[in-house]
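Undergrad: Input file: target_18.txt. Contents: compact mmCIF, N, CA and C atoms.
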# COMPACT_ATOMS: atom_id res chain seq x y z
N MET A 177 45.27 59.67 119.19
CA MET A 177 44.45 58.48 119.24
C MET A 177 45.09 57.34 118.45
N ALA A 178 46.01 57.64 117.54
CA ALA A 178 46.61 56.59 116.72
C ALA A 178 47.40 55.62 117.59
N ALA A 179 47.15 54.34 117.39
CA ALA A 179 47.86 53.32 118.14
C ALA A 179 49.17 52.95 117.46
N THR A 180 49.33 53.33 116.19
CA THR A 180 50.53 53.01 115.45
C THR A 180 50.79 54.09 114.40
N ARG A 181 52.04 54.20 114.03
CA ARG A 181 52.38 55.11 112.93
C ARG A 181 52.57 54.32 111.64
N LEU A 182 52.35 53.02 111.71
CA LEU A 182 52.48 52.19 110.52
C LEU A 182 51.35 52.48 109.54
N PRO A 183 51.62 52.37 108.25
CA PRO A 183 50.53 52.53 107.28
C PRO A 183 49.55 51.37 107.41
N TRP A 184 48.29 51.63 107.14
CA TRP A 184 47.28 50.58 107.21
C TRP A 184 46.25 50.75 106.10
N MET A 185 45.59 49.64 105.79
CA MET A 185 44.62 49.60 104.70
C MET A 185 43.27 49.17 105.27
N ALA A 186 42.22 49.85 104.87
CA ALA A 186 40.86 49.47 105.26
C ALA A 186 40.32 48.50 104.20
N LYS A 187 39.97 47.28 104.63
CA LYS A 187 39.47 46.26 103.71
C LYS A 187 37.95 46.13 103.83
N GLY A 188 37.34 45.78 102.72
CA GLY A 188 35.90 45.58 102.71
C GLY A 188 35.13 46.85 102.43
N VAL A 189 35.79 47.82 101.84
CA VAL A 189 35.17 49.10 101.53
C VAL A 189 34.30 48.93 100.28
N LEU A 190 33.03 49.29 100.39
CA LEU A 190 32.11 49.14 99.26
C LEU A 190 31.28 50.38 98.98
N THR A 191 31.51 51.46 99.74
CA THR A 191 30.75 52.69 99.50
C THR A 191 31.69 53.89 99.55
N ALA A 192 31.25 54.96 98.93
CA ALA A 192 32.01 56.21 98.96
C ALA A 192 32.13 56.71 100.40
N GLU A 193 31.07 56.54 101.18
CA GLU A 193 31.09 56.98 102.57
C GLU A 193 32.13 56.23 103.38
N ALA A 194 32.20 54.91 103.20
CA ALA A 194 33.20 54.11 103.92
C ALA A 194 34.61 54.48 103.49
N ALA A 195 34.79 54.74 102.21
CA ALA A 195 36.11 55.13 101.71
C ALA A 195 36.53 56.48 102.30
N SER A 196 35.61 57.42 102.33
CA SER A 196 35.91 58.73 102.91
C SER A 196 36.21 58.63 104.40
N ALA A 197 35.47 57.77 105.09
CA ALA A 197 35.73 57.57 106.52
C ALA A 197 37.12 56.97 106.73
N ALA A 198 37.54 56.07 105.86
CA ALA A 198 38.87 55.48 105.96
C ALA A 198 39.94 56.55 105.76
N VAL A 199 39.72 57.44 104.79
CA VAL A 199 40.66 58.55 104.56
C VAL A 199 40.73 59.41 105.82
N ASP A 200 39.57 59.77 106.36
CA ASP A 200 39.52 60.62 107.54
C ASP A 200 40.17 59.96 108.76
N ALA A 201 40.13 58.63 108.82
CA ALA A 201 40.71 57.90 109.94
C ALA A 201 42.21 57.68 109.78
N GLY A 202 42.76 58.08 108.62
CA GLY A 202 44.20 57.98 108.43
C GLY A 202 44.68 56.77 107.66
N ALA A 203 43.79 56.07 106.99
CA ALA A 203 44.20 54.91 106.19
C ALA A 203 45.15 55.35 105.08
N SER A 204 46.09 54.47 104.75
CA SER A 204 47.01 54.72 103.64
C SER A 204 46.42 54.22 102.33
N ALA A 205 45.44 53.33 102.44
CA ALA A 205 44.82 52.74 101.26
C ALA A 205 43.48 52.14 101.65
N VAL A 206 42.65 51.90 100.64
CA VAL A 206 41.42 51.14 100.85
C VAL A 206 41.46 49.93 99.93
N LEU A 207 40.88 48.85 100.40
CA LEU A 207 40.76 47.64 99.60
C LEU A 207 39.29 47.43 99.32
N VAL A 208 38.90 47.72 98.09
CA VAL A 208 37.52 47.56 97.67
C VAL A 208 37.28 46.06 97.52
N SER A 209 36.41 45.54 98.37
CA SER A 209 36.23 44.09 98.43
C SER A 209 34.87 43.76 99.03
N ASN A 210 34.24 42.73 98.48
CA ASN A 210 33.04 42.20 99.11
C ASN A 210 33.36 40.84 99.74
N HIS A 211 34.63 40.63 100.02
CA HIS A 211 35.10 39.39 100.66
C HIS A 211 34.67 38.16 99.88
N GLY A 212 34.72 38.28 98.57
CA GLY A 212 34.34 37.16 97.72
C GLY A 212 32.85 36.94 97.62
N GLY A 213 32.06 37.85 98.17
CA GLY A 213 30.60 37.71 98.11
C GLY A 213 30.08 36.58 98.96
N ARG A 214 30.91 36.05 99.84
CA ARG A 214 30.51 34.90 100.63
C ARG A 214 29.91 35.27 101.98
N GLN A 215 30.05 36.50 102.41
CA GLN A 215 29.63 36.86 103.75
C GLN A 215 28.17 37.27 103.84
N LEU A 216 27.70 38.02 102.86
CA LEU A 216 26.33 38.52 102.88
C LEU A 216 25.69 38.35 101.51
N ASP A 217 24.52 37.76 101.48
CA ASP A 217 23.79 37.69 100.23
C ASP A 217 23.41 39.10 99.80
N GLY A 218 23.46 39.35 98.51
CA GLY A 218 23.05 40.64 98.00
C GLY A 218 24.10 41.72 98.07
N THR A 219 25.29 41.38 98.51
CA THR A 219 26.37 42.38 98.55
C THR A 219 26.73 42.74 97.12
N PRO A 220 26.89 44.03 96.83
CA PRO A 220 27.22 44.42 95.45
C PRO A 220 28.61 43.95 95.05
N ALA A 221 28.81 43.80 93.77
CA ALA A 221 30.13 43.43 93.25
C ALA A 221 31.09 44.58 93.50
N ALA A 222 32.28 44.24 93.93
CA ALA A 222 33.30 45.26 94.23
C ALA A 222 33.59 46.11 92.99
N LEU A 223 33.66 45.48 91.83
CA LEU A 223 33.95 46.21 90.60
C LEU A 223 32.87 47.26 90.29
N ASP A 224 31.61 46.93 90.60
CA ASP A 224 30.53 47.89 90.38
C ASP A 224 30.64 49.10 91.31
N GLN A 225 31.20 48.90 92.49
CA GLN A 225 31.33 49.97 93.48
C GLN A 225 32.57 50.83 93.27
N LEU A 226 33.53 50.31 92.54
CA LEU A 226 34.82 50.98 92.37
C LEU A 226 34.74 52.40 91.82
N PRO A 227 33.97 52.69 90.77
CA PRO A 227 33.94 54.06 90.25
C PRO A 227 33.46 55.09 91.28
N GLU A 228 32.45 54.74 92.06
CA GLU A 228 31.93 55.63 93.09
C GLU A 228 33.00 55.93 94.15
N ILE A 229 33.73 54.90 94.53
CA ILE A 229 34.79 55.05 95.54
C ILE A 229 35.93 55.89 94.99
N ALA A 230 36.33 55.60 93.76
CA ALA A 230 37.41 56.36 93.13
C ALA A 230 37.03 57.83 93.00
N ALA A 231 35.79 58.11 92.66
CA ALA A 231 35.34 59.50 92.54
C ALA A 231 35.34 60.19 93.90
N ALA A 232 35.02 59.45 94.94
CA ALA A 232 34.92 60.05 96.28
C ALA A 232 36.27 60.38 96.88
N ILE A 233 37.26 59.52 96.67
CA ILE A 233 38.54 59.75 97.35
C ILE A 233 39.65 60.20 96.42
N GLY A 234 39.38 60.15 95.11
CA GLY A 234 40.36 60.62 94.14
C GLY A 234 41.73 60.01 94.36
N ASP A 235 42.74 60.86 94.38
CA ASP A 235 44.10 60.34 94.55
C ASP A 235 44.64 60.62 95.96
N ARG A 236 43.73 60.83 96.93
CA ARG A 236 44.18 61.10 98.30
C ARG A 236 44.87 59.91 98.93
N ILE A 237 44.38 58.70 98.62
CA ILE A 237 45.04 57.47 99.08
C ILE A 237 44.93 56.42 97.97
N GLN A 238 45.69 55.37 98.09
CA GLN A 238 45.69 54.30 97.10
C GLN A 238 44.40 53.48 97.18
N ILE A 239 43.98 52.98 96.03
CA ILE A 239 42.79 52.13 95.96
C ILE A 239 43.21 50.78 95.39
N ALA A 240 42.89 49.73 96.14
CA ALA A 240 43.14 48.36 95.68
C ALA A 240 41.80 47.67 95.50
N LEU A 241 41.75 46.69 94.62
CA LEU A 241 40.55 45.90 94.40
C LEU A 241 40.94 44.44 94.43
N ASP A 242 40.14 43.61 95.11
CA ASP A 242 40.52 42.20 95.19
C ASP A 242 39.40 41.20 94.96
N SER A 243 38.28 41.59 94.50
CA SER A 243 37.17 40.64 94.35
C SER A 243 36.86 40.34 92.90
N GLY A 244 36.76 39.07 92.57
CA GLY A 244 36.30 38.66 91.26
C GLY A 244 37.32 38.71 90.14
N ILE A 245 38.58 38.84 90.45
CA ILE A 245 39.61 38.93 89.42
C ILE A 245 40.00 37.52 88.97
N ARG A 246 39.77 37.25 87.68
CA ARG A 246 40.07 35.92 87.15
C ARG A 246 40.95 35.95 85.90
N SER A 247 41.23 37.16 85.37
CA SER A 247 41.99 37.24 84.12
C SER A 247 42.65 38.61 83.99
N GLY A 248 43.51 38.72 83.01
CA GLY A 248 44.15 39.99 82.72
C GLY A 248 43.15 41.05 82.30
N SER A 249 42.08 40.66 81.61
CA SER A 249 41.08 41.65 81.22
C SER A 249 40.35 42.19 82.45
N ASP A 250 40.15 41.36 83.46
CA ASP A 250 39.56 41.84 84.72
C ASP A 250 40.47 42.87 85.37
N VAL A 251 41.77 42.64 85.33
CA VAL A 251 42.74 43.58 85.91
C VAL A 251 42.67 44.91 85.15
N VAL A 252 42.67 44.85 83.84
CA VAL A 252 42.60 46.07 83.03
C VAL A 252 41.32 46.83 83.34
N MET A 253 40.21 46.13 83.46
CA MET A 253 38.94 46.78 83.76
C MET A 253 39.00 47.49 85.12
N ALA A 254 39.54 46.82 86.12
CA ALA A 254 39.64 47.42 87.46
C ALA A 254 40.54 48.65 87.44
N LEU A 255 41.65 48.58 86.73
CA LEU A 255 42.54 49.74 86.63
C LEU A 255 41.86 50.89 85.90
N ALA A 256 41.10 50.59 84.87
CA ALA A 256 40.39 51.63 84.13
C ALA A 256 39.32 52.31 84.98
N LEU A 257 38.77 51.57 85.93
CA LEU A 257 37.70 52.12 86.77
C LEU A 257 38.22 52.82 88.03
N GLY A 258 39.55 52.85 88.20
CA GLY A 258 40.08 53.62 89.31
C GLY A 258 40.97 52.92 90.30
N ALA A 259 41.16 51.63 90.16
CA ALA A 259 42.06 50.92 91.09
C ALA A 259 43.51 51.28 90.77
N ASP A 260 44.30 51.43 91.81
CA ASP A 260 45.74 51.62 91.65
C ASP A 260 46.46 50.28 91.66
N VAL A 261 45.86 49.32 92.37
CA VAL A 261 46.44 48.00 92.56
C VAL A 261 45.31 46.98 92.45
N VAL A 262 45.61 45.84 91.86
CA VAL A 262 44.63 44.76 91.76
C VAL A 262 45.25 43.50 92.37
N VAL A 263 44.53 42.91 93.31
CA VAL A 263 45.01 41.74 94.03
C VAL A 263 44.46 40.49 93.34
N ILE A 264 45.34 39.56 93.03
CA ILE A 264 44.90 38.31 92.37
C ILE A 264 45.13 37.12 93.30
N GLY A 265 44.78 37.28 94.53
CA GLY A 265 45.03 36.27 95.56
C GLY A 265 44.48 34.90 95.25
N ARG A 266 43.23 34.83 94.81
CA ARG A 266 42.62 33.52 94.56
C ARG A 266 43.34 32.80 93.42
N LEU A 267 43.65 33.53 92.34
CA LEU A 267 44.38 32.91 91.23
C LEU A 267 45.73 32.37 91.71
N ALA A 268 46.44 33.19 92.48
CA ALA A 268 47.75 32.78 92.98
C ALA A 268 47.62 31.58 93.92
N ALA A 269 46.60 31.58 94.76
CA ALA A 269 46.40 30.46 95.70
C ALA A 269 46.11 29.17 94.94
N TYR A 270 45.27 29.24 93.91
CA TYR A 270 44.97 28.04 93.12
C TYR A 270 46.24 27.51 92.46
N GLU A 271 47.02 28.40 91.89
CA GLU A 271 48.25 27.96 91.22
C GLU A 271 49.29 27.44 92.20
N LEU A 272 49.34 28.03 93.38
CA LEU A 272 50.25 27.54 94.41
C LEU A 272 49.88 26.11 94.78
N ALA A 273 48.58 25.86 94.94
CA ALA A 273 48.12 24.52 95.29
C ALA A 273 48.37 23.53 94.15
N ALA A 274 48.20 23.99 92.91
CA ALA A 274 48.34 23.10 91.76
C ALA A 274 49.78 22.83 91.37
N ALA A 275 50.63 23.86 91.44
CA ALA A 275 51.98 23.70 90.88
C ALA A 275 53.07 24.38 91.70
N GLY A 276 52.76 24.77 92.92
CA GLY A 276 53.78 25.37 93.76
C GLY A 276 54.23 26.73 93.26
N GLU A 277 55.46 27.09 93.60
CA GLU A 277 55.99 28.40 93.22
C GLU A 277 55.99 28.61 91.71
N ALA A 278 56.27 27.57 90.96
CA ALA A 278 56.26 27.69 89.50
C ALA A 278 54.87 28.05 88.99
N GLY A 279 53.83 27.53 89.63
CA GLY A 279 52.47 27.86 89.25
C GLY A 279 52.15 29.33 89.50
N VAL A 280 52.62 29.85 90.63
CA VAL A 280 52.38 31.26 90.94
C VAL A 280 53.10 32.14 89.93
N ARG A 281 54.35 31.80 89.62
CA ARG A 281 55.08 32.56 88.60
C ARG A 281 54.33 32.53 87.27
N ARG A 282 53.80 31.37 86.92
CA ARG A 282 53.10 31.21 85.65
C ARG A 282 51.82 32.04 85.60
N ILE A 283 51.05 32.08 86.69
CA ILE A 283 49.81 32.85 86.66
C ILE A 283 50.10 34.34 86.52
N TYR A 284 51.17 34.82 87.17
CA TYR A 284 51.53 36.23 86.99
C TYR A 284 51.92 36.50 85.54
N GLN A 285 52.64 35.58 84.93
CA GLN A 285 53.02 35.74 83.53
C GLN A 285 51.78 35.74 82.63
N LEU A 286 50.86 34.82 82.87
CA LEU A 286 49.65 34.75 82.05
C LEU A 286 48.80 36.01 82.19
N VAL A 287 48.63 36.49 83.42
CA VAL A 287 47.84 37.71 83.64
C VAL A 287 48.49 38.89 82.93
N ARG A 288 49.80 38.98 83.03
CA ARG A 288 50.52 40.09 82.36
C ARG A 288 50.34 40.01 80.84
N GLU A 289 50.45 38.80 80.28
CA GLU A 289 50.27 38.63 78.83
C GLU A 289 48.84 38.99 78.42
N GLU A 290 47.86 38.56 79.20
CA GLU A 290 46.47 38.89 78.90
C GLU A 290 46.25 40.40 78.97
N MET A 291 46.84 41.05 79.97
CA MET A 291 46.72 42.50 80.09
C MET A 291 47.30 43.19 78.86
N GLN A 292 48.47 42.74 78.42
CA GLN A 292 49.11 43.35 77.26
C GLN A 292 48.25 43.17 76.01
N THR A 293 47.63 42.02 75.85
CA THR A 293 46.75 41.77 74.72
C THR A 293 45.55 42.72 74.76
N VAL A 294 44.93 42.86 75.92
CA VAL A 294 43.78 43.75 76.04
C VAL A 294 44.19 45.19 75.76
N LEU A 295 45.30 45.63 76.33
CA LEU A 295 45.76 47.01 76.09
C LEU A 295 45.99 47.26 74.60
N THR A 296 46.58 46.28 73.93
CA THR A 296 46.82 46.41 72.50
C THR A 296 45.51 46.50 71.74
N LEU A 297 44.55 45.66 72.09
CA LEU A 297 43.27 45.64 71.39
C LEU A 297 42.47 46.93 71.57
N ILE A 298 42.62 47.58 72.73
CA ILE A 298 41.87 48.83 72.93
C ILE A 298 42.71 50.06 72.59
N GLY A 299 43.94 49.84 72.13
CA GLY A 299 44.76 50.95 71.67
C GLY A 299 45.40 51.78 72.76
N VAL A 300 45.71 51.15 73.87
CA VAL A 300 46.33 51.85 74.99
C VAL A 300 47.76 51.33 75.14
N GLY A 301 48.71 52.25 75.15
CA GLY A 301 50.12 51.85 75.24
C GLY A 301 50.59 51.55 76.64
N ARG A 302 49.98 52.23 77.64
CA ARG A 302 50.44 52.07 79.02
C ARG A 302 49.25 51.99 79.96
N VAL A 303 49.42 51.23 81.02
CA VAL A 303 48.36 51.09 82.02
C VAL A 303 47.95 52.45 82.58
N CYS A 304 48.91 53.33 82.77
CA CYS A 304 48.60 54.64 83.37
C CYS A 304 47.73 55.50 82.45
N ASP A 305 47.56 55.12 81.20
CA ASP A 305 46.70 55.87 80.27
C ASP A 305 45.25 55.38 80.28
N LEU A 306 44.97 54.35 81.05
CA LEU A 306 43.61 53.81 81.12
C LEU A 306 42.68 54.78 81.84
N GLY A 307 41.42 54.70 81.50
CA GLY A 307 40.39 55.48 82.18
C GLY A 307 39.03 54.88 81.89
N PRO A 308 38.00 55.33 82.56
CA PRO A 308 36.68 54.73 82.37
C PRO A 308 36.12 54.87 80.97
N ASP A 309 36.64 55.84 80.17
CA ASP A 309 36.10 55.98 78.81
C ASP A 309 36.48 54.81 77.91
N PHE A 310 37.38 53.95 78.36
CA PHE A 310 37.74 52.76 77.58
C PHE A 310 36.74 51.62 77.80
N LEU A 311 35.79 51.83 78.68
CA LEU A 311 34.79 50.80 78.99
C LEU A 311 33.41 51.30 78.59
N GLN A 312 32.58 50.37 78.24
CA GLN A 312 31.19 50.71 77.93
C GLN A 312 30.30 49.84 78.78
N LYS A 313 29.43 50.47 79.54
CA LYS A 313 28.51 49.74 80.40
C LYS A 313 27.41 49.11 79.55
N VAL A 314 27.22 47.83 79.71
CA VAL A 314 26.18 47.11 78.98
C VAL A 314 24.90 47.16 79.79
N GLN A 315 23.84 47.61 79.17
CA GLN A 315 22.54 47.69 79.83
C GLN A 315 21.81 46.37 79.66
N PRO A 316 21.23 45.85 80.74
CA PRO A 316 20.49 44.57 80.64
C PRO A 316 19.25 44.69 79.82
As structure tokens, please, write out the structure in this file.
TA:
Amino acid sequence: MAATRLPWMAKGVLTAEAASAAVDAGASAVLVSNHGGRQLDGTPAALDQLPEIAAAIGDRIQIALDSGIRSGSDVVMALALGADVVVIGRLAAYELAAAGEAGVRRIYQLVREEMQTVLTLIGVGRVCDLGPDFLQKVQP
């Protein structure tokens, strides 16, 4: 039934069921995303859904997250909750519009520096050592 042997990623995954279905359908990765929250009112935040998805699919395929990332601390949080990759498309697009290629290079540098600061502050030497125990859920 496969129309291609190329790897593919399922985008817009927000539930464990959808992530498992993507695995079963042969996806190479899932992109946990609520499409910026612009498509449907009441859509949950992608970051809130990430732990459930990571628990459901484990390390069977790669997990990317692309919604709501605005800083290096957001990247660290997403990685700690189970993302393998974090997409910073909006930040890069803003910098591209503001300062061209140099702006994109600068935003990657800033995010990396912010990530290093956060890792140092929480006592983690490497990104691969992150896990959910480094985060504390704040109750409203």
Undergrad: Please list as number ranges by chain every residue within 8 Å of Ala232 in chain A, counting only N, CA and C atoms and excluding residues in the same chain fewer than 3 positions away.
TA: A: 191-193, 195-196, 226-229, 235-236
Undergrad: Applying 7 Å and only N, CA and C atoms, which residues near Ala256 in chain A remain after dropping the ones on its own chain fewer than 2 positions away? List them as a ChimeraX atom specification.
TA: /A:251-254,258-259,306-310
Undergrad: Among range 219-304 of chain A, which residues does DSSP mark as strand (DSSP E) when it is run on the backbone? Keep the chain and numbering as in the structure and answer as a list in words.
TA: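 These are the residues in question: Gln238, Ile239, Ala240, Leu241, Val261 and Val262 of chain A.
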Undergrad: So that I can check the secondary structure, give me every residue of chain A assigned helix (DSSP H, G or I) by backbone DSSP, as a compact mmCIF listing (two decimals) with N, CA and C atoms, in the frame of the given file.
TA:
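Saved result, part28.txt, follows:
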# COMPACT_ATOMS: atom_id res chain seq x y z
N ALA A 192 31.25 54.96 98.93
CA ALA A 192 32.01 56.21 98.96
C ALA A 192 32.13 56.71 100.40
N GLU A 193 31.07 56.54 101.18
CA GLU A 193 31.09 56.98 102.57
C GLU A 193 32.13 56.23 103.38
N ALA A 194 32.20 54.91 103.20
CA ALA A 194 33.20 54.11 103.92
C ALA A 194 34.61 54.48 103.49
N ALA A 195 34.79 54.74 102.21
CA ALA A 195 36.11 55.13 101.71
C ALA A 195 36.53 56.48 102.30
N SER A 196 35.61 57.42 102.33
CA SER A 196 35.91 58.73 102.91
C SER A 196 36.21 58.63 104.40
N ALA A 197 35.47 57.77 105.09
CA ALA A 197 35.73 57.57 106.52
C ALA A 197 37.12 56.97 106.73
N ALA A 198 37.54 56.07 105.86
CA ALA A 198 38.87 55.48 105.96
C ALA A 198 39.94 56.55 105.76
N VAL A 199 39.72 57.44 104.79
CA VAL A 199 40.66 58.55 104.56
C VAL A 199 40.73 59.41 105.82
N ASP A 200 39.57 59.77 106.36
CA ASP A 200 39.52 60.62 107.54
C ASP A 200 40.17 59.96 108.76
N HIS A 211 34.63 40.63 100.02
CA HIS A 211 35.10 39.39 100.66
C HIS A 211 34.67 38.16 99.88
N GLY A 212 34.72 38.28 98.57
CA GLY A 212 34.34 37.16 97.72
C GLY A 212 32.85 36.94 97.62
N GLY A 213 32.06 37.85 98.17
CA GLY A 213 30.60 37.71 98.11
C GLY A 213 30.08 36.58 98.96
N ALA A 222 32.28 44.24 93.93
CA ALA A 222 33.30 45.26 94.23
C ALA A 222 33.59 46.11 92.99
N LEU A 223 33.66 45.48 91.83
CA LEU A 223 33.95 46.21 90.60
C LEU A 223 32.87 47.26 90.29
N ASP A 224 31.61 46.93 90.60
CA ASP A 224 30.53 47.89 90.38
C ASP A 224 30.64 49.10 91.31
N GLN A 225 31.20 48.90 92.49
CA GLN A 225 31.33 49.97 93.48
C GLN A 225 32.57 50.83 93.27
N LEU A 226 33.53 50.31 92.54
CA LEU A 226 34.82 50.98 92.37
C LEU A 226 34.74 52.40 91.82
N PRO A 227 33.97 52.69 90.77
CA PRO A 227 33.94 54.06 90.25
C PRO A 227 33.46 55.09 91.28
N GLU A 228 32.45 54.74 92.06
CA GLU A 228 31.93 55.63 93.09
C GLU A 228 33.00 55.93 94.15
N ILE A 229 33.73 54.90 94.53
CA ILE A 229 34.79 55.05 95.54
C ILE A 229 35.93 55.89 94.99
N ALA A 230 36.33 55.60 93.76
CA ALA A 230 37.41 56.36 93.13
C ALA A 230 37.03 57.83 93.00
N ALA A 231 35.79 58.11 92.66
CA ALA A 231 35.34 59.50 92.54
C ALA A 231 35.34 60.19 93.90
N ALA A 232 35.02 59.45 94.94
CA ALA A 232 34.92 60.05 96.28
C ALA A 232 36.27 60.38 96.88
N ILE A 233 37.26 59.52 96.67
CA ILE A 233 38.54 59.75 97.35
C ILE A 233 39.65 60.20 96.42
N GLY A 248 43.51 38.72 83.01
CA GLY A 248 44.15 39.99 82.72
C GLY A 248 43.15 41.05 82.30
N SER A 249 42.08 40.66 81.61
CA SER A 249 41.08 41.65 81.22
C SER A 249 40.35 42.19 82.45
N ASP A 250 40.15 41.36 83.46
CA ASP A 250 39.56 41.84 84.72
C ASP A 250 40.47 42.87 85.37
N VAL A 251 41.77 42.64 85.33
CA VAL A 251 42.74 43.58 85.91
C VAL A 251 42.67 44.91 85.15
N VAL A 252 42.67 44.85 83.84
CA VAL A 252 42.60 46.07 83.03
C VAL A 252 41.32 46.83 83.34
N MET A 253 40.21 46.13 83.46
CA MET A 253 38.94 46.78 83.76
C MET A 253 39.00 47.49 85.12
N ALA A 254 39.54 46.82 86.12
CA ALA A 254 39.64 47.42 87.46
C ALA A 254 40.54 48.65 87.44
N LEU A 255 41.65 48.58 86.73
CA LEU A 255 42.54 49.74 86.63
C LEU A 255 41.86 50.89 85.90
N ALA A 256 41.10 50.59 84.87
CA ALA A 256 40.39 51.63 84.13
C ALA A 256 39.32 52.31 84.98
N GLY A 265 44.78 37.28 94.53
CA GLY A 265 45.03 36.27 95.56
C GLY A 265 44.48 34.90 95.25
N ARG A 266 43.23 34.83 94.81
CA ARG A 266 42.62 33.52 94.56
C ARG A 266 43.34 32.80 93.42
N LEU A 267 43.65 33.53 92.34
CA LEU A 267 44.38 32.91 91.23
C LEU A 267 45.73 32.37 91.71
N ALA A 268 46.44 33.19 92.48
CA ALA A 268 47.75 32.78 92.98
C ALA A 268 47.62 31.58 93.92
N ALA A 269 46.60 31.58 94.76
CA ALA A 269 46.40 30.46 95.70
C ALA A 269 46.11 29.17 94.94
N TYR A 270 45.27 29.24 93.91
CA TYR A 270 44.97 28.04 93.12
C TYR A 270 46.24 27.51 92.46
N GLU A 271 47.02 28.40 91.89
CA GLU A 271 48.25 27.96 91.22
C GLU A 271 49.29 27.44 92.20
N LEU A 272 49.34 28.03 93.38
CA LEU A 272 50.25 27.54 94.41
C LEU A 272 49.88 26.11 94.78
N ALA A 273 48.58 25.86 94.94
CA ALA A 273 48.12 24.52 95.29
C ALA A 273 48.37 23.53 94.15
N ALA A 274 48.20 23.99 92.91
CA ALA A 274 48.34 23.10 91.76
C ALA A 274 49.78 22.83 91.37
N ALA A 275 50.63 23.86 91.44
CA ALA A 275 51.98 23.70 90.88
C ALA A 275 53.07 24.38 91.70
N GLY A 276 52.76 24.77 92.92
CA GLY A 276 53.78 25.37 93.76
C GLY A 276 54.23 26.73 93.26
N GLU A 277 55.46 27.09 93.60
CA GLU A 277 55.99 28.40 93.22
C GLU A 277 55.99 28.61 91.71
N ALA A 278 56.27 27.57 90.96
CA ALA A 278 56.26 27.69 89.50
C ALA A 278 54.87 28.05 88.99
N GLY A 279 53.83 27.53 89.63
CA GLY A 279 52.47 27.86 89.25
C GLY A 279 52.15 29.33 89.50
N VAL A 280 52.62 29.85 90.63
CA VAL A 280 52.38 31.26 90.94
C VAL A 280 53.10 32.14 89.93
N ARG A 281 54.35 31.80 89.62
CA ARG A 281 55.08 32.56 88.60
C ARG A 281 54.33 32.53 87.27
N ARG A 282 53.80 31.37 86.92
CA ARG A 282 53.10 31.21 85.65
C ARG A 282 51.82 32.04 85.60
N ILE A 283 51.05 32.08 86.69
CA ILE A 283 49.81 32.85 86.66
C ILE A 283 50.10 34.34 86.52
N TYR A 284 51.17 34.82 87.17
CA TYR A 284 51.53 36.23 86.99
C TYR A 284 51.92 36.50 85.54
N GLN A 285 52.64 35.58 84.93
CA GLN A 285 53.02 35.74 83.53
C GLN A 285 51.78 35.74 82.63
N LEU A 286 50.86 34.82 82.87
CA LEU A 286 49.65 34.75 82.05
C LEU A 286 48.80 36.01 82.19
N VAL A 287 48.63 36.49 83.42
CA VAL A 287 47.84 37.71 83.64
C VAL A 287 48.49 38.89 82.93
N ARG A 288 49.80 38.98 83.03
CA ARG A 288 50.52 40.09 82.36
C ARG A 288 50.34 40.01 80.84
N GLU A 289 50.45 38.80 80.28
CA GLU A 289 50.27 38.63 78.83
C GLU A 289 48.84 38.99 78.42
N GLU A 290 47.86 38.56 79.20
CA GLU A 290 46.47 38.89 78.90
C GLU A 290 46.25 40.40 78.97
N MET A 291 46.84 41.05 79.97
CA MET A 291 46.72 42.50 80.09
C MET A 291 47.30 43.19 78.86
N GLN A 292 48.47 42.74 78.42
CA GLN A 292 49.11 43.35 77.26
C GLN A 292 48.25 43.17 76.01
N THR A 293 47.63 42.02 75.85
CA THR A 293 46.75 41.77 74.72
C THR A 293 45.55 42.72 74.76
N VAL A 294 44.93 42.86 75.92
CA VAL A 294 43.78 43.75 76.04
C VAL A 294 44.19 45.19 75.76
N LEU A 295 45.30 45.63 76.33
CA LEU A 295 45.76 47.01 76.09
C LEU A 295 45.99 47.26 74.60
N THR A 296 46.58 46.28 73.93
CA THR A 296 46.82 46.41 72.50
C THR A 296 45.51 46.50 71.74
N LEU A 297 44.55 45.66 72.09
CA LEU A 297 43.27 45.64 71.39
C LEU A 297 42.47 46.93 71.57
N ILE A 298 42.62 47.58 72.73
CA ILE A 298 41.87 48.83 72.93
C ILE A 298 42.71 50.06 72.59
N VAL A 303 49.42 51.23 81.02
CA VAL A 303 48.36 51.09 82.02
C VAL A 303 47.95 52.45 82.58
N CYS A 304 48.91 53.33 82.77
CA CYS A 304 48.60 54.64 83.37
C CYS A 304 47.73 55.50 82.45
N ASP A 305 47.56 55.12 81.20
CA ASP A 305 46.70 55.87 80.27
C ASP A 305 45.25 55.38 80.28
N PRO A 308 38.00 55.33 82.56
CA PRO A 308 36.68 54.73 82.37
C PRO A 308 36.12 54.87 80.97
N ASP A 309 36.64 55.84 80.17
CA ASP A 309 36.10 55.98 78.81
C ASP A 309 36.48 54.81 77.91
N PHE A 310 37.38 53.95 78.36
CA PHE A 310 37.74 52.76 77.58
C PHE A 310 36.74 51.62 77.80
Undergrad: Just how far from CA of Ile237 in chain A is atom C of Asp250 in chain A, in Å to one decimal?
TA: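 Distance reported for this atom pair: 20.5 Å.
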Undergrad: What are the closest atom pairs, with distances in Å to one decimal, for all residues of range 221-270 of chain A lying within 6.5 Å of range 285-301 of chain A? Consider all atoms listed in the file, order rows by chain and residue number, and present the result as a tab-separated table.
TA:
residue	atom	partner	partner_atom	distance
A:Ser247	C	A:Val287	CA	5.3
A:Gly248	CA	A:Met291	N	4.0
A:Ser249	N	A:Glu290	C	4.9
A:Val252	N	A:Met291	CA	6.0
Undergrad: Just checking: using only N, CA and C atoms, which residue out of A:Leu190, A:Leu272, A:Ala203, A:Leu241 ends up closest to Pro220 in chain A?
TA: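 Of A:Leu190, A:Leu272, A:Ala203, A:Leu241, the one nearest Pro220 in chain A is A:Leu190, counting only N, CA and C atoms.
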Undergrad: Go ahead and compute the interatomic distance for atom C of Ile239 in chain A and atom C of Thr180 in chain A, in Å to one decimal.
TA: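 One can read the atom C of Ile239 in chain A to atom C of Thr180 in chain A distance as 20.7 Å.
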Undergrad: Could you tell me how far CA of Ser204 in chain A sits from CA of Gln225 in chain A, in Å to one decimal place?
TA: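 Distance between the two atoms: 19.3 Å.
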